[in-house]
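The data block below is final.txt; it holds compact mmCIF, N, CA and C atoms and all ligand atoms.
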# COMPACT_ATOMS: atom_id res chain seq x y z
N MET M 1 0.84 -1.20 0.00
CA MET M 1 0.00 0.00 0.00
C MET M 1 0.88 1.26 0.00
N ARG M 2 0.59 2.15 -0.94
CA ARG M 2 1.39 3.39 -0.99
C ARG M 2 0.70 4.48 -0.18
N LYS M 3 1.41 4.98 0.84
CA LYS M 3 0.88 6.04 1.70
C LYS M 3 1.40 7.39 1.24
N VAL M 4 0.47 8.32 1.07
CA VAL M 4 0.81 9.66 0.60
C VAL M 4 0.43 10.65 1.70
N ILE M 5 1.24 11.72 1.83
CA ILE M 5 0.90 12.77 2.79
C ILE M 5 0.95 14.13 2.11
N THR M 6 0.06 15.01 2.50
CA THR M 6 0.12 16.39 2.02
C THR M 6 -0.31 17.31 3.17
N TYR M 7 0.04 18.57 3.04
CA TYR M 7 -0.26 19.55 4.10
C TYR M 7 -0.81 20.83 3.51
N GLY M 8 -1.56 21.56 4.31
CA GLY M 8 -1.99 22.87 3.86
C GLY M 8 -2.83 23.57 4.91
N THR M 9 -3.13 24.83 4.65
CA THR M 9 -4.03 25.60 5.50
C THR M 9 -5.49 25.31 5.10
N PHE M 10 -5.72 25.25 3.79
CA PHE M 10 -7.05 24.98 3.23
C PHE M 10 -8.07 26.00 3.72
N ASP M 11 -7.69 27.29 3.69
CA ASP M 11 -8.60 28.37 4.07
C ASP M 11 -9.55 28.65 2.91
N LEU M 12 -10.81 28.89 3.20
CA LEU M 12 -11.83 29.18 2.19
C LEU M 12 -11.76 28.12 1.09
N PHE M 13 -11.89 26.89 1.48
CA PHE M 13 -11.70 25.69 0.65
C PHE M 13 -12.22 25.89 -0.77
N HIS M 14 -11.36 25.68 -1.74
CA HIS M 14 -11.73 25.98 -3.13
C HIS M 14 -11.25 24.91 -4.10
N GLU M 15 -11.54 25.16 -5.38
CA GLU M 15 -11.25 24.19 -6.45
C GLU M 15 -9.76 23.79 -6.51
N GLY M 16 -8.88 24.74 -6.23
CA GLY M 16 -7.44 24.43 -6.25
C GLY M 16 -7.10 23.38 -5.18
N HIS M 17 -7.73 23.51 -4.02
CA HIS M 17 -7.51 22.52 -2.95
C HIS M 17 -8.08 21.17 -3.36
N ILE M 18 -9.27 21.19 -3.95
CA ILE M 18 -9.91 19.93 -4.38
C ILE M 18 -9.04 19.23 -5.41
N ASN M 19 -8.57 19.97 -6.40
CA ASN M 19 -7.72 19.36 -7.45
C ASN M 19 -6.47 18.75 -6.86
N LEU M 20 -5.89 19.46 -5.91
CA LEU M 20 -4.64 18.98 -5.29
C LEU M 20 -4.91 17.70 -4.49
N LEU M 21 -5.96 17.72 -3.68
CA LEU M 21 -6.26 16.55 -2.85
C LEU M 21 -6.64 15.34 -3.70
N LYS M 22 -7.36 15.58 -4.76
CA LYS M 22 -7.78 14.48 -5.64
C LYS M 22 -6.56 13.80 -6.24
N ARG M 23 -5.65 14.62 -6.77
CA ARG M 23 -4.45 14.04 -7.40
C ARG M 23 -3.53 13.41 -6.37
N ALA M 24 -3.47 13.99 -5.18
CA ALA M 24 -2.63 13.40 -4.11
C ALA M 24 -3.19 12.02 -3.74
N ARG M 25 -4.50 11.92 -3.64
CA ARG M 25 -5.14 10.64 -3.30
C ARG M 25 -4.88 9.60 -4.40
N GLU M 26 -4.96 10.06 -5.65
CA GLU M 26 -4.76 9.14 -6.77
C GLU M 26 -3.31 8.67 -6.88
N TYR M 27 -2.41 9.43 -6.27
CA TYR M 27 -1.00 9.08 -6.35
C TYR M 27 -0.68 7.82 -5.53
N GLY M 28 -1.56 7.47 -4.59
CA GLY M 28 -1.31 6.29 -3.76
C GLY M 28 -2.60 5.60 -3.39
N ASP M 29 -2.55 4.88 -2.28
CA ASP M 29 -3.71 4.10 -1.83
C ASP M 29 -4.31 4.67 -0.56
N TYR M 30 -3.59 5.55 0.09
CA TYR M 30 -4.03 6.06 1.39
C TYR M 30 -3.48 7.47 1.53
N LEU M 31 -4.39 8.44 1.78
CA LEU M 31 -3.95 9.84 1.85
C LEU M 31 -4.11 10.41 3.26
N ILE M 32 -3.01 10.93 3.78
CA ILE M 32 -3.01 11.64 5.05
C ILE M 32 -2.94 13.14 4.73
N VAL M 33 -3.83 13.92 5.31
CA VAL M 33 -3.81 15.37 5.08
C VAL M 33 -3.52 16.08 6.41
N GLY M 34 -2.48 16.87 6.42
CA GLY M 34 -2.14 17.67 7.59
C GLY M 34 -2.71 19.07 7.43
N VAL M 35 -3.50 19.51 8.41
CA VAL M 35 -4.09 20.85 8.36
C VAL M 35 -3.39 21.71 9.43
N THR M 36 -2.98 22.89 9.03
CA THR M 36 -2.16 23.74 9.90
C THR M 36 -2.97 24.41 11.00
N THR M 37 -2.37 24.56 12.17
CA THR M 37 -3.01 25.34 13.24
C THR M 37 -2.81 26.83 12.97
N GLU M 38 -3.63 27.65 13.61
CA GLU M 38 -3.48 29.10 13.49
C GLU M 38 -2.08 29.52 13.95
N SER M 39 -1.62 28.94 15.05
CA SER M 39 -0.33 29.40 15.59
C SER M 39 0.82 28.99 14.67
N TYR M 40 0.72 27.84 14.03
CA TYR M 40 1.77 27.46 13.07
C TYR M 40 1.75 28.42 11.87
N ASP M 41 0.54 28.73 11.39
CA ASP M 41 0.45 29.68 10.26
C ASP M 41 1.00 31.05 10.66
N ASP M 42 0.69 31.49 11.87
CA ASP M 42 1.25 32.77 12.35
C ASP M 42 2.77 32.71 12.30
N SER M 43 3.32 31.59 12.77
CA SER M 43 4.79 31.49 12.87
C SER M 43 5.45 31.49 11.50
N ARG M 44 4.71 31.08 10.45
CA ARG M 44 5.32 31.09 9.11
C ARG M 44 4.84 32.29 8.29
N GLY M 45 4.27 33.28 8.98
CA GLY M 45 3.96 34.55 8.34
C GLY M 45 2.65 34.58 7.57
N LYS M 46 1.80 33.55 7.79
CA LYS M 46 0.50 33.53 7.12
C LYS M 46 -0.51 34.06 8.14
N LEU M 47 -0.79 35.35 8.05
CA LEU M 47 -1.45 36.03 9.17
C LEU M 47 -2.94 36.29 8.99
N ASN M 48 -3.44 36.14 7.75
CA ASN M 48 -4.83 36.55 7.53
C ASN M 48 -5.77 35.40 7.21
N VAL M 49 -5.53 34.24 7.81
CA VAL M 49 -6.39 33.08 7.60
C VAL M 49 -7.76 33.38 8.22
N GLN M 50 -8.82 33.09 7.44
CA GLN M 50 -10.18 33.48 7.85
C GLN M 50 -10.89 32.43 8.69
N GLU M 51 -10.70 31.17 8.31
CA GLU M 51 -11.49 30.11 8.95
C GLU M 51 -10.69 29.43 10.06
N ASN M 52 -11.39 29.04 11.13
CA ASN M 52 -10.69 28.38 12.22
C ASN M 52 -10.34 26.93 11.85
N LEU M 53 -9.50 26.33 12.69
CA LEU M 53 -8.98 24.99 12.39
C LEU M 53 -10.10 23.97 12.19
N MET M 54 -11.11 23.98 13.05
CA MET M 54 -12.18 22.97 12.95
C MET M 54 -12.94 23.10 11.64
N LYS M 55 -13.16 24.33 11.22
CA LYS M 55 -13.87 24.56 9.95
C LYS M 55 -13.03 24.06 8.77
N ARG M 56 -11.73 24.34 8.82
CA ARG M 56 -10.85 23.93 7.71
C ARG M 56 -10.72 22.40 7.66
N ILE M 57 -10.65 21.78 8.85
CA ILE M 57 -10.61 20.31 8.90
C ILE M 57 -11.91 19.73 8.33
N GLU M 58 -13.02 20.33 8.72
CA GLU M 58 -14.33 19.85 8.26
C GLU M 58 -14.44 19.92 6.73
N ASN M 59 -13.91 20.99 6.14
CA ASN M 59 -13.95 21.11 4.68
C ASN M 59 -13.09 20.04 4.01
N VAL M 60 -11.93 19.76 4.58
CA VAL M 60 -11.07 18.70 4.01
C VAL M 60 -11.80 17.36 4.14
N ARG M 61 -12.39 17.12 5.32
CA ARG M 61 -13.11 15.86 5.54
C ARG M 61 -14.23 15.69 4.51
N LYS M 62 -15.00 16.77 4.31
CA LYS M 62 -16.14 16.70 3.39
C LYS M 62 -15.73 16.45 1.94
N SER M 63 -14.51 16.81 1.60
CA SER M 63 -14.05 16.59 0.22
C SER M 63 -14.02 15.10 -0.10
N GLY M 64 -13.86 14.28 0.93
CA GLY M 64 -13.88 12.82 0.73
C GLY M 64 -12.55 12.22 0.27
N PHE M 65 -11.52 13.03 0.11
CA PHE M 65 -10.24 12.50 -0.41
C PHE M 65 -9.30 12.03 0.69
N ALA M 66 -9.48 12.52 1.91
CA ALA M 66 -8.55 12.18 2.99
C ALA M 66 -8.96 10.89 3.70
N ASP M 67 -8.02 9.97 3.80
CA ASP M 67 -8.28 8.77 4.60
C ASP M 67 -8.01 9.07 6.07
N GLU M 68 -7.18 10.06 6.32
CA GLU M 68 -6.81 10.42 7.68
C GLU M 68 -6.46 11.90 7.69
N ILE M 69 -6.90 12.61 8.72
CA ILE M 69 -6.57 14.04 8.84
C ILE M 69 -5.80 14.23 10.13
N ILE M 70 -4.68 14.93 10.03
CA ILE M 70 -3.88 15.22 11.22
C ILE M 70 -3.70 16.74 11.32
N ILE M 71 -3.22 17.18 12.44
CA ILE M 71 -3.02 18.62 12.66
C ILE M 71 -1.53 18.92 12.60
N GLU M 72 -1.17 19.94 11.84
CA GLU M 72 0.24 20.33 11.74
C GLU M 72 0.47 21.53 12.65
N GLU M 73 1.35 21.33 13.64
CA GLU M 73 1.51 22.35 14.67
C GLU M 73 2.84 23.05 14.71
N TYR M 74 3.87 22.48 14.11
CA TYR M 74 5.19 23.09 14.26
C TYR M 74 6.12 22.74 13.10
N GLU M 75 7.08 23.61 12.93
CA GLU M 75 8.13 23.41 11.94
C GLU M 75 8.87 22.12 12.29
N GLY M 76 9.13 21.28 11.33
CA GLY M 76 9.87 20.04 11.62
C GLY M 76 8.96 18.85 11.83
N GLN M 77 7.66 19.11 11.89
CA GLN M 77 6.72 18.00 12.11
C GLN M 77 6.65 17.06 10.91
N LYS M 78 6.87 17.61 9.71
CA LYS M 78 6.73 16.78 8.50
C LYS M 78 7.65 15.56 8.57
N ILE M 79 8.89 15.77 8.97
CA ILE M 79 9.84 14.66 9.03
C ILE M 79 9.33 13.60 10.01
N GLU M 80 8.85 14.05 11.16
CA GLU M 80 8.36 13.10 12.17
C GLU M 80 7.14 12.33 11.66
N ASP M 81 6.21 13.04 11.04
CA ASP M 81 5.01 12.38 10.52
C ASP M 81 5.38 11.32 9.49
N ILE M 82 6.29 11.69 8.59
CA ILE M 82 6.68 10.77 7.51
C ILE M 82 7.33 9.52 8.08
N GLN M 83 8.19 9.72 9.07
CA GLN M 83 8.86 8.57 9.67
C GLN M 83 7.90 7.73 10.50
N ASN M 84 7.12 8.38 11.36
CA ASN M 84 6.23 7.64 12.26
C ASN M 84 5.14 6.88 11.53
N ARG M 85 4.70 7.43 10.40
CA ARG M 85 3.58 6.82 9.69
C ARG M 85 4.01 6.03 8.46
N GLN M 86 5.32 5.87 8.30
CA GLN M 86 5.86 5.12 7.15
C GLN M 86 5.25 5.58 5.82
N VAL M 87 5.38 6.87 5.61
CA VAL M 87 4.82 7.50 4.40
C VAL M 87 5.76 7.25 3.21
N ASP M 88 5.16 6.97 2.05
CA ASP M 88 5.95 6.71 0.84
C ASP M 88 6.17 7.97 0.01
N ALA M 89 5.19 8.87 -0.01
CA ALA M 89 5.33 10.05 -0.86
C ALA M 89 4.74 11.29 -0.20
N PHE M 90 5.48 12.39 -0.29
CA PHE M 90 5.02 13.71 0.16
C PHE M 90 4.63 14.46 -1.10
N VAL M 91 3.40 14.97 -1.14
CA VAL M 91 2.88 15.64 -2.33
C VAL M 91 2.47 17.06 -1.94
N ILE M 92 2.79 18.02 -2.80
CA ILE M 92 2.41 19.41 -2.54
C ILE M 92 2.36 20.17 -3.87
N GLY M 93 1.70 21.32 -3.88
CA GLY M 93 1.55 22.08 -5.12
C GLY M 93 2.85 22.72 -5.60
N SER M 94 2.86 23.04 -6.89
CA SER M 94 4.09 23.50 -7.55
C SER M 94 4.55 24.89 -7.10
N ASP M 95 3.69 25.59 -6.32
CA ASP M 95 4.17 26.86 -5.76
C ASP M 95 5.30 26.60 -4.76
N TRP M 96 5.45 25.35 -4.35
CA TRP M 96 6.48 24.98 -3.37
C TRP M 96 7.67 24.27 -4.02
N THR M 97 7.75 24.27 -5.33
CA THR M 97 8.80 23.50 -6.01
C THR M 97 10.18 23.80 -5.44
N GLY M 98 10.86 22.74 -5.05
CA GLY M 98 12.22 22.86 -4.51
C GLY M 98 12.28 23.02 -3.00
N LYS M 99 11.21 23.59 -2.43
CA LYS M 99 11.24 23.94 -0.99
C LYS M 99 11.25 22.72 -0.07
N PHE M 100 10.73 21.60 -0.58
CA PHE M 100 10.66 20.42 0.28
C PHE M 100 11.56 19.30 -0.21
N ASP M 101 12.57 19.65 -1.01
CA ASP M 101 13.49 18.63 -1.50
C ASP M 101 14.21 17.93 -0.35
N TYR M 102 14.36 18.62 0.79
CA TYR M 102 15.04 18.01 1.94
C TYR M 102 14.31 16.76 2.46
N LEU M 103 13.02 16.63 2.11
CA LEU M 103 12.26 15.46 2.56
C LEU M 103 12.59 14.21 1.75
N ASN M 104 13.31 14.40 0.63
CA ASN M 104 13.74 13.27 -0.21
C ASN M 104 14.55 12.24 0.56
N GLU M 105 15.11 12.69 1.65
CA GLU M 105 15.88 11.77 2.50
C GLU M 105 14.96 10.74 3.17
N TYR M 106 13.67 11.09 3.27
CA TYR M 106 12.74 10.25 4.03
C TYR M 106 11.67 9.57 3.16
N CYS M 107 11.34 10.21 2.02
CA CYS M 107 10.33 9.63 1.14
C CYS M 107 10.43 10.32 -0.23
N GLU M 108 9.60 9.87 -1.16
CA GLU M 108 9.54 10.52 -2.47
C GLU M 108 8.88 11.90 -2.29
N VAL M 109 9.34 12.89 -3.01
CA VAL M 109 8.76 14.24 -2.95
C VAL M 109 8.19 14.58 -4.33
N VAL M 110 6.91 14.93 -4.36
CA VAL M 110 6.24 15.18 -5.64
C VAL M 110 5.59 16.56 -5.62
N TYR M 111 5.87 17.37 -6.64
CA TYR M 111 5.24 18.69 -6.78
C TYR M 111 4.21 18.59 -7.90
N LEU M 112 2.95 18.83 -7.56
CA LEU M 112 1.88 18.77 -8.56
C LEU M 112 1.54 20.18 -9.02
N GLU M 113 1.24 20.32 -10.29
CA GLU M 113 0.97 21.66 -10.82
C GLU M 113 -0.18 22.33 -10.07
N ARG M 114 0.08 23.56 -9.62
CA ARG M 114 -0.93 24.35 -8.92
C ARG M 114 -2.04 24.74 -9.90
N THR M 115 -3.29 24.77 -9.42
CA THR M 115 -4.41 25.20 -10.26
C THR M 115 -4.33 26.70 -10.46
N LYS M 116 -4.37 27.09 -11.71
CA LYS M 116 -4.23 28.53 -12.01
C LYS M 116 -5.54 29.29 -11.77
N GLY M 117 -5.42 30.54 -11.43
CA GLY M 117 -6.57 31.45 -11.39
C GLY M 117 -7.42 31.39 -10.14
N ILE M 118 -7.00 30.62 -9.14
CA ILE M 118 -7.76 30.63 -7.88
C ILE M 118 -6.81 30.47 -6.69
N SER M 119 -7.09 31.24 -5.65
CA SER M 119 -6.28 31.12 -4.44
C SER M 119 -7.06 31.67 -3.24
N SER M 120 -6.67 31.22 -2.03
CA SER M 120 -7.31 31.73 -0.82
C SER M 120 -7.06 33.23 -0.70
N THR M 121 -5.88 33.66 -1.14
CA THR M 121 -5.53 35.09 -1.07
C THR M 121 -6.51 35.91 -1.91
N ASP M 122 -6.80 35.45 -3.14
CA ASP M 122 -7.76 36.16 -4.00
C ASP M 122 -9.15 36.17 -3.35
N LEU M 123 -9.55 35.03 -2.81
CA LEU M 123 -10.89 34.95 -2.22
C LEU M 123 -11.00 35.87 -1.01
N ARG M 124 -9.93 35.96 -0.22
CA ARG M 124 -9.95 36.86 0.95
C ARG M 124 -10.05 38.30 0.49
N ALA M 125 -9.31 38.63 -0.56
CA ALA M 125 -9.34 39.99 -1.08
C ALA M 125 -10.72 40.34 -1.60
N ARG M 126 -11.33 39.36 -2.28
CA ARG M 126 -12.68 39.59 -2.82
C ARG M 126 -13.68 39.80 -1.68
N GLN M 127 -13.52 39.01 -0.61
CA GLN M 127 -14.41 39.17 0.56
C GLN M 127 -14.32 40.58 1.11
N ASN M 128 -13.10 41.11 1.06
CA ASN M 128 -12.87 42.44 1.63
C ASN M 128 -13.12 43.55 0.61
N GLY M 129 -13.60 43.15 -0.58
CA GLY M 129 -13.93 44.11 -1.61
C GLY M 129 -12.74 44.83 -2.23
N ILE M 130 -11.58 44.15 -2.22
CA ILE M 130 -10.38 44.76 -2.80
C ILE M 130 -10.33 44.44 -4.30
N1 LIG A 1 -3.01 24.71 -4.21
C1 LIG A 1 -3.11 24.43 -5.56
N2 LIG A 1 -3.69 25.35 -6.39
C2 LIG A 1 -4.16 26.52 -5.92
C3 LIG A 1 -4.06 26.81 -4.56
C4 LIG A 1 -3.48 25.88 -3.70
O1 LIG A 1 -2.68 23.35 -6.03
N3 LIG A 1 -4.69 27.39 -6.79
C5 LIG A 1 -2.37 23.72 -3.31
C6 LIG A 1 -1.10 24.24 -2.66
O2 LIG A 1 -0.02 24.13 -3.57
C7 LIG A 1 -0.97 23.28 -1.49
C8 LIG A 1 -2.44 23.02 -1.11
O3 LIG A 1 -3.22 23.41 -2.23
O4 LIG A 1 -0.39 22.05 -1.89
C9 LIG A 1 -2.87 23.83 0.11
O5 LIG A 1 -2.60 25.20 -0.13
P1 LIG A 1 -2.69 26.25 1.06
O6 LIG A 1 -3.95 26.07 1.79
O7 LIG A 1 -2.35 27.59 0.52
O8 LIG A 1 -1.56 25.77 2.08
P2 LIG A 1 -0.01 26.05 1.97
O9 LIG A 1 0.35 27.34 2.61
O10 LIG A 1 0.45 25.83 0.57
O11 LIG A 1 0.55 24.86 2.91
O12 LIG A 1 2.67 22.86 5.92
C10 LIG A 1 1.88 23.66 5.12
C11 LIG A 1 2.28 23.44 3.74
O13 LIG A 1 3.67 23.36 3.71
C12 LIG A 1 1.89 24.51 2.78
Can you present the structure in this file as C-alpha cells?
Amino acid sequence: MRKVITYGTFDLFHEGHINLLKRAREYGDYLIVGVTTESYDDSRGKLNVQENLMKRIENVRKSGFADEIIIEEYEGQKIEDIQNRQVDAFVIGSDWTGKFDYLNEYCEVVYLERTKGISSTDLRARQNGI
C-alpha cells in the first residue's frame, strides 16, 4: 500500500484545494492530510487566515479524499510524521517546487501543478472588496 501525505491551511476551501487533494489521493492508496493550526500559520507569516482549524478540517473531511486528517503544529513535524507513519510520498503544489526537496531523504517528494486562477488570497481579497 502506498501512503501519501500532504499539508496545507485549506482556508476558504476551493477548487485548487480539491484538485490537489484528488491528485494526491490518486497518487497512492491512502492519503493523510495535515491541516495547519493558526499558531503554526502565524509562525510562518500567514497572518490573515479566515477560517478556524475545525472549519478547515471539516472542509477537508467533506471533500472525501482524505483517509486520515492530522493537525500540523510546528516546523519540523513533516519529518516526524513521515517517519512515524511510514509514508511513501510527500505531495504538494508546484508553488512549493524545490522547498521540500530536503524530505527526499525520508520519502519521495512530488510537486503537482498548482491550479491557475484561484487562491485563498484572491478569495480573501474579494471578501474584503479589494
Ligand atoms: N493549491 C493548488 N492550487 C491553488 C491553490 C493551492 O494546487 N490554486 C495547493 C497548494 O499548492 C498546497 C495546497 O493546495 O499544496 C494547500 O494550499 P494552502 O492552503 O495555501 O496551504 P499552503 O500554505 O500551501 O501549505 O505545511 C503547510 C504546507 O507546507 C503549505
Between M:Ser120, M:Thr115, M:Gln86, M:Asn59, which one has atoms that come closest to M:Arg2, using all atoms listed in the file?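 Between M:Ser120, M:Thr115, M:Gln86, M:Asn59, the residue approaching M:Arg2 most closely is M:Gln86.
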Do you have the atom N of M:Phe10-atom CA of M:Phe100 distance handy?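 Between these atoms lies a distance of 17.4 Å.
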Output, as lines of an AutoDock Vina configuration file, the centre and edge lengths in Å (one decimal) of the axis-aligned box that contains all listed atoms of ligand LIG 1 (chain A) with 8 Å of margin on each side.
center_x = -0.5
center_y = 24.8
center_z = -0.4
size_x = 24.4
size_y = 21.5
size_z = 28.7
Find the residues near ligand LIG 1 (chain A). Use a cut-off of 10 Å, count only C-alpha atoms and all ligand atoms, and write them as a short mmCIF file (atom, residue, chain, number, x, y, z; two decimals) with N, CA and C atoms, in the coordinates of the input.
data_model
loop_
_atom_site.label_atom_id
_atom_site.label_comp_id
_atom_site.auth_asym_id
_atom_site.auth_seq_id
_atom_site.Cartn_x
_atom_site.Cartn_y
_atom_site.Cartn_z
N THR M 6 0.06 15.01 2.50
CA THR M 6 0.12 16.39 2.02
C THR M 6 -0.31 17.31 3.17
N TYR M 7 0.04 18.57 3.04
CA TYR M 7 -0.26 19.55 4.10
C TYR M 7 -0.81 20.83 3.51
N GLY M 8 -1.56 21.56 4.31
CA GLY M 8 -1.99 22.87 3.86
C GLY M 8 -2.83 23.57 4.91
N THR M 9 -3.13 24.83 4.65
CA THR M 9 -4.03 25.60 5.50
C THR M 9 -5.49 25.31 5.10
N PHE M 10 -5.72 25.25 3.79
CA PHE M 10 -7.05 24.98 3.23
C PHE M 10 -8.07 26.00 3.72
N ASP M 11 -7.69 27.29 3.69
CA ASP M 11 -8.60 28.37 4.07
C ASP M 11 -9.55 28.65 2.91
N LEU M 12 -10.81 28.89 3.20
CA LEU M 12 -11.83 29.18 2.19
C LEU M 12 -11.76 28.12 1.09
N PHE M 13 -11.89 26.89 1.48
CA PHE M 13 -11.70 25.69 0.65
C PHE M 13 -12.22 25.89 -0.77
N HIS M 14 -11.36 25.68 -1.74
CA HIS M 14 -11.73 25.98 -3.13
C HIS M 14 -11.25 24.91 -4.10
N GLU M 15 -11.54 25.16 -5.38
CA GLU M 15 -11.25 24.19 -6.45
C GLU M 15 -9.76 23.79 -6.51
N GLY M 16 -8.88 24.74 -6.23
CA GLY M 16 -7.44 24.43 -6.25
C GLY M 16 -7.10 23.38 -5.18
N HIS M 17 -7.73 23.51 -4.02
CA HIS M 17 -7.51 22.52 -2.95
C HIS M 17 -8.08 21.17 -3.36
N ILE M 18 -9.27 21.19 -3.95
CA ILE M 18 -9.91 19.93 -4.38
C ILE M 18 -9.04 19.23 -5.41
N ASN M 19 -8.57 19.97 -6.40
CA ASN M 19 -7.72 19.36 -7.45
C ASN M 19 -6.47 18.75 -6.86
N LEU M 20 -5.89 19.46 -5.91
CA LEU M 20 -4.64 18.98 -5.29
C LEU M 20 -4.91 17.70 -4.49
N LEU M 21 -5.96 17.72 -3.68
CA LEU M 21 -6.26 16.55 -2.85
C LEU M 21 -6.64 15.34 -3.70
N ARG M 23 -5.65 14.62 -6.77
CA ARG M 23 -4.45 14.04 -7.40
C ARG M 23 -3.53 13.41 -6.37
N ALA M 24 -3.47 13.99 -5.18
CA ALA M 24 -2.63 13.40 -4.11
C ALA M 24 -3.19 12.02 -3.74
N VAL M 33 -3.83 13.92 5.31
CA VAL M 33 -3.81 15.37 5.08
C VAL M 33 -3.52 16.08 6.41
N GLY M 34 -2.48 16.87 6.42
CA GLY M 34 -2.14 17.67 7.59
C GLY M 34 -2.71 19.07 7.43
N VAL M 35 -3.50 19.51 8.41
CA VAL M 35 -4.09 20.85 8.36
C VAL M 35 -3.39 21.71 9.43
N THR M 36 -2.98 22.89 9.03
CA THR M 36 -2.16 23.74 9.90
C THR M 36 -2.97 24.41 11.00
N THR M 37 -2.37 24.56 12.17
CA THR M 37 -3.01 25.34 13.24
C THR M 37 -2.81 26.83 12.97
N TYR M 40 0.72 27.84 14.03
CA TYR M 40 1.77 27.46 13.07
C TYR M 40 1.75 28.42 11.87
N ASP M 41 0.54 28.73 11.39
CA ASP M 41 0.45 29.68 10.26
C ASP M 41 1.00 31.05 10.66
N ARG M 44 4.71 31.08 10.45
CA ARG M 44 5.32 31.09 9.11
C ARG M 44 4.84 32.29 8.29
N GLY M 45 4.27 33.28 8.98
CA GLY M 45 3.96 34.55 8.34
C GLY M 45 2.65 34.58 7.57
N LYS M 46 1.80 33.55 7.79
CA LYS M 46 0.50 33.53 7.12
C LYS M 46 -0.51 34.06 8.14
N VAL M 49 -5.53 34.24 7.81
CA VAL M 49 -6.39 33.08 7.60
C VAL M 49 -7.76 33.38 8.22
N ARG M 56 -11.73 24.34 8.82
CA ARG M 56 -10.85 23.93 7.71
C ARG M 56 -10.72 22.40 7.66
N ILE M 71 -3.22 17.18 12.44
CA ILE M 71 -3.02 18.62 12.66
C ILE M 71 -1.53 18.92 12.60
N GLU M 72 -1.17 19.94 11.84
CA GLU M 72 0.24 20.33 11.74
C GLU M 72 0.47 21.53 12.65
N GLU M 73 1.35 21.33 13.64
CA GLU M 73 1.51 22.35 14.67
C GLU M 73 2.84 23.05 14.71
N TYR M 74 3.87 22.48 14.11
CA TYR M 74 5.19 23.09 14.26
C TYR M 74 6.12 22.74 13.10
N GLU M 75 7.08 23.61 12.93
CA GLU M 75 8.13 23.41 11.94
C GLU M 75 8.87 22.12 12.29
N GLY M 76 9.13 21.28 11.33
CA GLY M 76 9.87 20.04 11.62
C GLY M 76 8.96 18.85 11.83
N GLN M 77 7.66 19.11 11.89
CA GLN M 77 6.72 18.00 12.11
C GLN M 77 6.65 17.06 10.91
N LYS M 78 6.87 17.61 9.71
CA LYS M 78 6.73 16.78 8.50
C LYS M 78 7.65 15.56 8.57
N VAL M 91 3.40 14.97 -1.14
CA VAL M 91 2.88 15.64 -2.33
C VAL M 91 2.47 17.06 -1.94
N ILE M 92 2.79 18.02 -2.80
CA ILE M 92 2.41 19.41 -2.54
C ILE M 92 2.36 20.17 -3.87
N GLY M 93 1.70 21.32 -3.88
CA GLY M 93 1.55 22.08 -5.12
C GLY M 93 2.85 22.72 -5.60
N SER M 94 2.86 23.04 -6.89
CA SER M 94 4.09 23.50 -7.55
C SER M 94 4.55 24.89 -7.10
N ASP M 95 3.69 25.59 -6.32
CA ASP M 95 4.17 26.86 -5.76
C ASP M 95 5.30 26.60 -4.76
N TRP M 96 5.45 25.35 -4.35
CA TRP M 96 6.48 24.98 -3.37
C TRP M 96 7.67 24.27 -4.02
N THR M 97 7.75 24.27 -5.33
CA THR M 97 8.80 23.50 -6.01
C THR M 97 10.18 23.80 -5.44
N LYS M 99 11.21 23.59 -2.43
CA LYS M 99 11.24 23.94 -0.99
C LYS M 99 11.25 22.72 -0.07
N PHE M 100 10.73 21.60 -0.58
CA PHE M 100 10.66 20.42 0.28
C PHE M 100 11.56 19.30 -0.21
N TYR M 111 5.87 17.37 -6.64
CA TYR M 111 5.24 18.69 -6.78
C TYR M 111 4.21 18.59 -7.90
N LEU M 112 2.95 18.83 -7.56
CA LEU M 112 1.88 18.77 -8.56
C LEU M 112 1.54 20.18 -9.02
N GLU M 113 1.24 20.32 -10.29
CA GLU M 113 0.97 21.66 -10.82
C GLU M 113 -0.18 22.33 -10.07
N ARG M 114 0.08 23.56 -9.62
CA ARG M 114 -0.93 24.35 -8.92
C ARG M 114 -2.04 24.74 -9.90
N THR M 115 -3.29 24.77 -9.42
CA THR M 115 -4.41 25.20 -10.26
C THR M 115 -4.33 26.70 -10.46
N LYS M 116 -4.37 27.09 -11.71
CA LYS M 116 -4.23 28.53 -12.01
C LYS M 116 -5.54 29.29 -11.77
N GLY M 117 -5.42 30.54 -11.43
CA GLY M 117 -6.57 31.45 -11.39
C GLY M 117 -7.42 31.39 -10.14
N ILE M 118 -7.00 30.62 -9.14
CA ILE M 118 -7.76 30.63 -7.88
C ILE M 118 -6.81 30.47 -6.69
N SER M 119 -7.09 31.24 -5.65
CA SER M 119 -6.28 31.12 -4.44
C SER M 119 -7.06 31.67 -3.24
N SER M 120 -6.67 31.22 -2.03
CA SER M 120 -7.31 31.73 -0.82
C SER M 120 -7.06 33.23 -0.70
N THR M 121 -5.88 33.66 -1.14
CA THR M 121 -5.53 35.09 -1.07
C THR M 121 -6.51 35.91 -1.91
N ASP M 122 -6.80 35.45 -3.14
CA ASP M 122 -7.76 36.16 -4.00
C ASP M 122 -9.15 36.17 -3.35
#
Backbone-only DSSP, strand (DSSP E) members of stretch 35-72 of chain M, as a PyMOL selection string: chain M and resi 35-36+68-72
Of the listed residues M:Leu103, M:Val110, M:Met1, M:Ala66, that which approaches M:Ile32 most closely, counting only N, CA and C atoms: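 Under the stated criterion, the closest residue is M:Ala66.
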Rounded to one decimal, what separation in Å do you get between atom CA of M:Ile5 and atom CA of M:Gly98? 16.8 Å
Measure the distance from atom CA of M:Arg25 to atom C of M:Arg61 in Å and round it to one decimal.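 Interatomic distance, atom CA of M:Arg25 to atom C of M:Arg61: 13.0 Å.
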Restricting the calculation to all atoms listed in the file: of M:Ser39, M:Asp88, M:Leu123, M:Gly28, which residue gets closest to M:Glu108?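 Looking at the shortest contact to M:Glu108, the residue is M:Asp88.
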DSSP on the backbone: what in chain M comes out helix (DSSP H, G or I), as a VMD selection string? chain M and resid 15 to 26 38 to 43 53 to 63 77 to 84 94 to 96 101 to 105 120 to 127
Return the single residue from M:Val60, M:Leu47, M:Ala89, M:Val109 that is closest to M:Glu26, with distances computed using only C-alpha atoms. M:Ala89
